[in-house]
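S.K.: Below are the structure tokens for one structure; questions will follow.
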Amino acid sequence: MNLIISGTNRERSNSLKIAKYYQRELQRNGESWELLSLSDLPHDITVTDLYGKRSEAFKPIQSLVSAAQKFVFIIPEYNGSFPGILKVFIDACSFPASFFHKKAALVGVSTGKYGNIRGVDHFTGVCNYMRMHVLPLKIHLSKVHDELDNDDQLIDELTTKFVQEQIDEIARF
């Protein structure tokens, strides 16, 4: 089993739209891909699931993470980096079992010009610390609101080409 993580708890986010797009495309390659939106995290996660605590609400999420062998992180830009809720999620997961020597692909998303280059770089450091194997090809979707049509499909031919190249590499990874 593999897991796509929409890296924000913002409802109806562009990150979730991109995560669903990746899920559809990756499943066409015949692999099983689950989707986790961080909006599904327990609202009180900072007091229930950090520092060795485990809530009943987080147990199924931890089970998903533990079972996954590959991850795709869809990482929106928040103040020049990645969202704090993504770090809280990582910190709440069991260490090292959740991510140790598993594979990760990273996709930066922003409404600005640079597609969260800095945040993806910061998150790469977190992945390296957790000894994850990070796919070298990282995608940066800038002005994401202009990249999606009304059906949440990518519309720019060049963007679609690069995303598909990453998806093919994820399948072989």
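Following the order of the structure tokens, chains are lettered A, B, ..., residues in each are numbered from 1, and ligands are numbered from 1.
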Determine, counting only C-alpha atoms, which protein, DNA and RNA residues have an atom within 6 Å of an atom of stretch 80-91 of chain A; residues of the same chain fewer than 2 positions away are not included. Present the result as a ChimeraX atom specification.
M.R.: /A:7,77-78,93,118-119
S.K.: Take the residues from that selection and write them out as an mmCIF file, in the first residue's frame, keeping N, CA, C and O atoms.
M.R.:
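Okay, this is what ended up in part.cif:
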data_model
loop_
_atom_site.group_PDB
_atom_site.id
_atom_site.type_symbol
_atom_site.label_atom_id
_atom_site.label_comp_id
_atom_site.auth_asym_id
_atom_site.auth_seq_id
_atom_site.Cartn_x
_atom_site.Cartn_y
_atom_site.Cartn_z
ATOM 1 N N GLY A 7 -0.765 17.929 2.274
ATOM 2 C CA GLY A 7 -0.036 18.482 3.407
ATOM 3 C C GLY A 7 -0.605 19.718 4.061
ATOM 4 O O GLY A 7 0.156 20.525 4.592
ATOM 5 N N GLU A 77 2.757 25.931 -0.030
ATOM 6 C CA GLU A 77 3.638 26.942 0.552
ATOM 7 C C GLU A 77 2.904 27.727 1.630
ATOM 8 O O GLU A 77 1.835 28.273 1.394
ATOM 9 N N TYR A 78 3.475 27.733 2.821
ATOM 10 C CA TYR A 78 2.975 28.548 3.926
ATOM 11 C C TYR A 78 4.143 29.382 4.421
ATOM 12 O O TYR A 78 5.123 28.839 4.948
ATOM 13 N N CYS A 93 3.496 10.864 14.293
ATOM 14 C CA CYS A 93 3.657 9.479 13.825
ATOM 15 C C CYS A 93 4.764 8.782 14.608
ATOM 16 O O CYS A 93 5.717 9.406 15.067
ATOM 17 N N ARG A 118 11.294 26.488 -1.783
ATOM 18 C CA ARG A 118 11.936 26.548 -0.462
ATOM 19 C C ARG A 118 11.308 25.548 0.510
ATOM 20 O O ARG A 118 12.000 24.844 1.228
ATOM 21 N N GLY A 119 9.983 25.466 0.526
ATOM 22 C CA GLY A 119 9.306 24.531 1.430
ATOM 23 C C GLY A 119 9.612 23.073 1.110
ATOM 24 O O GLY A 119 9.793 22.259 2.005
#
S.K.: Identify all residues of chain A in helix (DSSP H, G or I) (DSSP on the backbone) and supply them as a tab-separated table (two decimals) with N, CA and C atoms, in the first residue's frame.
M.R.:
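Saved the output as out-v6.tsv:
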chain	number	residue	atom	x	y	z
A	14	ASN	N	-6.24	23.54	-2.76
A	14	ASN	CA	-5.63	23.16	-4.04
A	14	ASN	C	-4.72	21.96	-3.86
A	15	SER	N	-4.11	21.83	-2.70
A	15	SER	CA	-3.26	20.66	-2.43
A	15	SER	C	-4.06	19.37	-2.50
A	16	LEU	N	-5.27	19.39	-1.95
A	16	LEU	CA	-6.13	18.21	-2.00
A	16	LEU	C	-6.53	17.91	-3.45
A	17	LYS	N	-6.80	18.93	-4.23
A	17	LYS	CA	-7.14	18.72	-5.64
A	17	LYS	C	-5.98	18.06	-6.38
A	18	ILE	N	-4.76	18.53	-6.11
A	18	ILE	CA	-3.58	17.95	-6.75
A	18	ILE	C	-3.36	16.53	-6.24
A	19	ALA	N	-3.59	16.30	-4.94
A	19	ALA	CA	-3.44	14.95	-4.38
A	19	ALA	C	-4.40	13.98	-5.06
A	20	LYS	N	-5.63	14.39	-5.28
A	20	LYS	CA	-6.61	13.53	-5.96
A	20	LYS	C	-6.20	13.27	-7.41
A	21	TYR	N	-5.65	14.29	-8.05
A	21	TYR	CA	-5.15	14.12	-9.41
A	21	TYR	C	-4.05	13.06	-9.43
A	22	TYR	N	-3.09	13.17	-8.51
A	22	TYR	CA	-2.00	12.19	-8.43
A	22	TYR	C	-2.56	10.79	-8.13
A	23	GLN	N	-3.52	10.70	-7.26
A	23	GLN	CA	-4.10	9.39	-6.93
A	23	GLN	C	-4.70	8.74	-8.19
A	24	ARG	N	-5.47	9.49	-8.94
A	24	ARG	CA	-6.07	8.93	-10.17
A	24	ARG	C	-4.99	8.46	-11.13
A	25	GLU	N	-3.99	9.30	-11.34
A	25	GLU	CA	-2.94	8.97	-12.31
A	25	GLU	C	-2.08	7.81	-11.85
A	26	LEU	N	-1.74	7.77	-10.56
A	26	LEU	CA	-0.91	6.66	-10.06
A	26	LEU	C	-1.66	5.34	-10.08
A	27	GLN	N	-2.95	5.36	-9.81
A	27	GLN	CA	-3.72	4.12	-9.83
A	27	GLN	C	-3.84	3.55	-11.23
A	38	LEU	N	-4.68	16.08	5.58
A	38	LEU	CA	-4.41	16.46	6.97
A	38	LEU	C	-5.60	17.17	7.61
A	39	SER	N	-6.63	17.48	6.83
A	39	SER	CA	-7.87	17.98	7.43
A	39	SER	C	-8.59	16.87	8.20
A	40	ASP	N	-8.18	15.62	7.99
A	40	ASP	CA	-8.76	14.48	8.71
A	40	ASP	C	-8.06	14.18	10.03
A	45	ILE	N	-4.81	17.23	18.03
A	45	ILE	CA	-3.62	16.38	17.85
A	45	ILE	C	-2.42	16.85	18.68
A	46	THR	N	-2.30	18.14	18.89
A	46	THR	CA	-1.12	18.64	19.60
A	46	THR	C	-1.13	18.27	21.08
A	47	VAL	N	-2.27	17.89	21.61
A	47	VAL	CA	-2.32	17.47	23.01
A	47	VAL	C	-2.64	15.99	23.17
A	48	THR	N	-3.05	15.33	22.06
A	48	THR	CA	-3.43	13.92	22.17
A	48	THR	C	-2.42	12.95	21.57
A	59	LYS	N	-5.18	6.38	15.70
A	59	LYS	CA	-4.74	5.00	15.44
A	59	LYS	C	-4.96	4.56	13.99
A	60	PRO	N	-6.11	4.82	13.37
A	60	PRO	CA	-6.25	4.40	11.96
A	60	PRO	C	-5.32	5.16	11.02
A	61	ILE	N	-5.03	6.40	11.35
A	61	ILE	CA	-4.08	7.18	10.54
A	61	ILE	C	-2.69	6.59	10.68
A	62	GLN	N	-2.29	6.27	11.91
A	62	GLN	CA	-0.99	5.64	12.13
A	62	GLN	C	-0.90	4.30	11.40
A	63	SER	N	-1.99	3.55	11.37
A	63	SER	CA	-2.00	2.27	10.65
A	63	SER	C	-1.77	2.48	9.16
A	64	LEU	N	-2.39	3.50	8.58
A	64	LEU	CA	-2.16	3.82	7.17
A	64	LEU	C	-0.70	4.14	6.91
A	65	VAL	N	-0.13	4.98	7.75
A	65	VAL	CA	1.27	5.39	7.59
A	65	VAL	C	2.20	4.18	7.76
A	66	SER	N	1.95	3.37	8.76
A	66	SER	CA	2.80	2.21	9.02
A	66	SER	C	2.77	1.22	7.85
A	67	ALA	N	1.61	1.06	7.22
A	67	ALA	CA	1.47	0.09	6.13
A	67	ALA	C	2.07	0.58	4.82
A	84	GLY	N	2.85	24.11	9.21
A	84	GLY	CA	3.14	23.57	10.54
A	84	GLY	C	2.37	22.30	10.82
A	85	ILE	N	1.16	22.17	10.29
A	85	ILE	CA	0.37	20.96	10.54
A	85	ILE	C	1.05	19.73	9.93
A	86	LEU	N	1.79	19.91	8.84
A	86	LEU	CA	2.53	18.80	8.26
A	86	LEU	C	3.63	18.34	9.21
A	87	LYS	N	4.32	19.28	9.84
A	87	LYS	CA	5.35	18.93	10.81
A	87	LYS	C	4.73	18.27	12.05
A	88	VAL	N	3.60	18.80	12.51
A	88	VAL	CA	2.90	18.19	13.65
A	88	VAL	C	2.52	16.74	13.31
A	89	PHE	N	2.02	16.53	12.09
A	89	PHE	CA	1.66	15.18	11.66
A	89	PHE	C	2.87	14.25	11.70
A	90	ILE	N	3.98	14.70	11.12
A	90	ILE	CA	5.20	13.89	11.12
A	90	ILE	C	5.62	13.58	12.56
A	91	ASP	N	5.59	14.58	13.42
A	91	ASP	CA	5.99	14.41	14.82
A	91	ASP	C	5.05	13.48	15.58
A	92	ALA	N	3.78	13.44	15.20
A	92	ALA	CA	2.81	12.58	15.88
A	92	ALA	C	2.96	11.11	15.48
A	117	ILE	N	9.37	26.05	-3.82
A	117	ILE	CA	10.72	25.50	-3.92
A	117	ILE	C	11.37	25.42	-2.53
A	118	ARG	N	11.29	26.49	-1.78
A	118	ARG	CA	11.94	26.55	-0.46
A	118	ARG	C	11.31	25.55	0.51
A	119	GLY	N	9.98	25.47	0.53
A	119	GLY	CA	9.31	24.53	1.43
A	119	GLY	C	9.61	23.07	1.11
A	120	VAL	N	9.70	22.76	-0.18
A	120	VAL	CA	10.05	21.39	-0.58
A	120	VAL	C	11.49	21.09	-0.16
A	121	ASP	N	12.36	22.07	-0.30
A	121	ASP	CA	13.75	21.90	0.15
A	121	ASP	C	13.79	21.68	1.66
A	122	HIS	N	13.04	22.47	2.42
A	122	HIS	CA	12.98	22.29	3.88
A	122	HIS	C	12.45	20.90	4.23
A	123	PHE	N	11.40	20.48	3.53
A	123	PHE	CA	10.82	19.18	3.84
A	123	PHE	C	11.74	18.03	3.42
A	124	THR	N	12.54	18.25	2.38
A	124	THR	CA	13.54	17.25	2.00
A	124	THR	C	14.49	16.98	3.16
A	125	GLY	N	14.89	18.04	3.87
A	125	GLY	CA	15.74	17.88	5.05
A	125	GLY	C	15.08	17.04	6.12
A	126	VAL	N	13.79	17.24	6.34
A	126	VAL	CA	13.05	16.43	7.32
A	126	VAL	C	13.03	14.97	6.87
A	127	CYS	N	12.76	14.74	5.59
A	127	CYS	CA	12.75	13.37	5.05
A	127	CYS	C	14.12	12.71	5.20
A	128	ASN	N	15.17	13.46	4.92
A	128	ASN	CA	16.51	12.91	5.06
A	128	ASN	C	16.79	12.53	6.51
A	129	TYR	N	16.37	13.36	7.45
A	129	TYR	CA	16.56	13.05	8.86
A	129	TYR	C	15.85	11.75	9.23
A	144	VAL	N	-0.95	27.56	-8.96
A	144	VAL	CA	-1.71	26.32	-9.11
A	144	VAL	C	-3.16	26.59	-9.51
A	145	HIS	N	-3.71	27.70	-9.08
A	145	HIS	CA	-5.09	28.02	-9.44
A	145	HIS	C	-5.26	28.19	-10.95
A	146	ASP	N	-4.18	28.51	-11.66
A	146	ASP	CA	-4.21	28.63	-13.13
A	146	ASP	C	-3.91	27.31	-13.82
A	147	GLU	N	-3.46	26.32	-13.06
A	147	GLU	CA	-3.07	25.02	-13.62
A	147	GLU	C	-4.24	24.04	-13.71
A	157	GLU	N	-0.04	21.85	-20.94
A	157	GLU	CA	0.59	20.68	-21.54
A	157	GLU	C	1.99	20.39	-20.97
A	158	LEU	N	2.77	21.43	-20.76
A	158	LEU	CA	4.12	21.25	-20.23
A	158	LEU	C	4.08	20.77	-18.78
A	159	THR	N	3.19	21.35	-17.98
A	159	THR	CA	3.03	20.90	-16.59
A	159	THR	C	2.63	19.44	-16.56
A	160	THR	N	1.65	19.08	-17.37
A	160	THR	CA	1.18	17.70	-17.43
A	160	THR	C	2.31	16.75	-17.81
A	161	LYS	N	3.16	17.17	-18.74
A	161	LYS	CA	4.30	16.35	-19.17
A	161	LYS	C	5.25	16.08	-18.00
A	162	PHE	N	5.60	17.12	-17.24
A	162	PHE	CA	6.53	16.94	-16.13
A	162	PHE	C	5.91	16.15	-14.99
A	163	VAL	N	4.63	16.40	-14.71
A	163	VAL	CA	3.94	15.63	-13.67
A	163	VAL	C	3.89	14.16	-14.06
A	164	GLN	N	3.58	13.88	-15.31
A	164	GLN	CA	3.52	12.49	-15.77
A	164	GLN	C	4.89	11.83	-15.69
A	165	GLU	N	5.94	12.57	-15.98
A	165	GLU	CA	7.30	12.04	-15.85
A	165	GLU	C	7.57	11.64	-14.39
A	166	GLN	N	7.16	12.49	-13.45
A	166	GLN	CA	7.35	12.15	-12.03
A	166	GLN	C	6.50	10.94	-11.66
A	167	ILE	N	5.27	10.89	-12.12
A	167	ILE	CA	4.39	9.76	-11.81
A	167	ILE	C	4.99	8.46	-12.32
A	168	ASP	N	5.54	8.47	-13.53
A	168	ASP	CA	6.21	7.27	-14.07
A	168	ASP	C	7.39	6.87	-13.19
A	169	GLU	N	8.15	7.86	-12.71
A	169	GLU	CA	9.29	7.55	-11.84
A	169	GLU	C	8.84	7.02	-10.49
A	170	ILE	N	7.74	7.56	-9.96
A	170	ILE	CA	7.20	7.06	-8.69
A	170	ILE	C	6.82	5.58	-8.83
A	171	ALA	N	6.21	5.24	-9.94
A	171	ALA	CA	5.81	3.85	-10.16
A	171	ALA	C	7.02	2.92	-10.21
A	172	ARG	N	8.14	3.40	-10.75
A	172	ARG	CA	9.36	2.57	-10.83
A	172	ARG	C	10.20	2.63	-9.57
